[in-house]
>>> print(open('protein_14.txt').read())   # compact mmCIF, C-alpha atoms
# COMPACT_ATOMS: atom_id res chain seq x y z
CA MET S 1 -31.21 174.27 9.59
CA ALA S 2 -33.45 177.32 9.51
CA ASP S 3 -30.51 179.35 8.20
CA LEU S 4 -30.01 176.93 5.33
CA ARG S 5 -33.68 177.07 4.43
CA ARG S 6 -33.61 180.87 4.65
CA HIS S 7 -31.07 180.80 1.83
CA GLY S 8 -33.12 178.32 -0.17
CA LEU S 9 -30.75 175.42 0.50
CA ASP S 10 -31.98 171.89 1.08
CA PRO S 11 -30.22 170.77 4.29
CA THR S 12 -30.51 167.10 3.28
CA HIS S 13 -28.76 167.63 -0.10
CA PRO S 14 -26.15 170.39 0.13
CA VAL S 15 -24.78 171.36 -3.25
CA GLN S 16 -21.34 172.91 -3.55
CA TRP S 17 -22.31 175.65 -6.01
CA GLU S 18 -25.12 176.78 -3.73
CA LEU S 19 -22.66 177.22 -0.87
CA GLU S 20 -20.15 178.96 -3.11
CA ALA S 21 -22.83 181.52 -4.00
CA LEU S 22 -23.03 182.67 -0.37
CA GLU S 23 -21.09 185.67 0.83
CA PRO S 24 -17.89 184.52 2.59
CA ALA S 25 -18.95 186.00 5.94
CA GLU S 26 -22.33 184.24 5.76
CA LEU S 27 -20.71 180.94 4.80
CA GLN S 28 -18.30 181.24 7.74
CA ARG S 29 -21.20 181.99 10.10
CA LEU S 30 -23.12 178.94 8.85
CA VAL S 31 -20.11 176.63 9.19
CA LEU S 32 -19.30 177.87 12.69
CA ALA S 33 -22.94 177.43 13.74
CA ALA S 34 -22.93 173.88 12.35
CA VAL S 35 -19.79 172.77 14.21
CA ASP S 36 -20.43 174.66 17.45
CA PRO S 37 -22.37 171.82 19.16
CA PHE S 38 -19.44 169.46 18.56
CA ILE S 39 -16.66 171.64 19.98
CA ASP S 40 -15.18 170.49 23.28
CA ARG S 41 -14.33 173.84 24.87
CA THR S 42 -11.87 172.31 27.36
CA VAL S 43 -9.88 170.57 24.63
CA LEU S 44 -9.98 173.70 22.46
CA ALA S 45 -8.72 175.92 25.31
CA ARG S 46 -5.91 173.44 26.04
CA GLN S 47 -4.88 173.33 22.38
CA ILE S 48 -4.93 177.12 22.05
CA ALA S 49 -2.77 177.44 25.17
CA ARG S 50 -0.35 174.84 23.77
CA GLU S 51 -0.07 176.69 20.45
CA GLU S 52 0.52 179.99 22.23
CA GLU S 53 3.34 178.39 24.24
CA GLN S 54 4.86 177.02 21.03
CA ARG S 55 4.71 180.50 19.46
CA ARG S 56 6.45 182.01 22.50
CA ALA S 57 9.14 179.32 22.42
CA LEU S 58 9.71 179.85 18.70
CA ALA S 59 9.90 183.63 19.14
CA ALA S 60 12.42 183.21 21.98
CA PHE S 61 14.50 180.84 19.85
CA LEU S 62 14.49 183.23 16.90
CA ASP S 63 15.42 186.17 19.13
CA GLY S 64 18.35 184.14 20.49
CA TRP S 65 19.33 183.03 16.99
CA ASP S 66 19.39 186.63 15.75
CA ALA S 67 21.36 187.79 18.83
CA ALA S 68 23.95 185.08 18.18
CA GLY S 69 24.39 186.25 14.60
CA GLY S 70 22.35 183.46 13.05
CA GLY S 71 20.10 185.75 11.05
CA ALA S 72 20.17 186.04 7.28
CA ARG S 73 23.29 187.68 5.89
CA SER S 74 22.91 190.69 3.66
>>> encode(input="protein_14.txt", output="structure tokens")
Amino acid sequence: MADLRRHGLDPTHPVQWELEALEPAELQRLVLAAVDPFIDRTVLARQIAREEEQRRALAAFLDGWDAAGGGARS
């Protein structure tokens, strides 16, 4: 909340144009700070690991597809 007040924002009545006036990096920092207390790190780590496995599986499939001649024809 102190960060919002530092920028002259009323934390009880956020206004979209006030947030849009912030630099993108500062807005990202404020949003991440706001949601941080609500992040379940165990669930997040599990989801990230699942997505990484899906990326590896997709990459392996595409490599096999290309090797079998399934790539785009020129």
>>> atom_distance(input="protein_14.txt", atom1="atom CA of Glu53 of chain S", atom2="atom CA of Val35 of chain S")
25.8 Å
>>> atom_distance(input="protein_14.txt", atom1="atom CA of Asp36 of chain S", atom2="atom CA of Arg56 of chain S")
28.3 Å
>>> atom_distance(input="protein_14.txt", atom1="atom CA of Val43 of chain S", atom2="atom CA of Ala59 of chain S")
24.3 Å
>>> axis_aligned_box(input="protein_14.txt", around="segment 40-46 of chain S", padding_each_side="3 Å", output="lines of an AutoDock Vina configuration file")
center_x = -10.5
center_y = 173.2
center_z = 24.9
size_x = 15.3
size_y = 11.4
size_z = 10.9
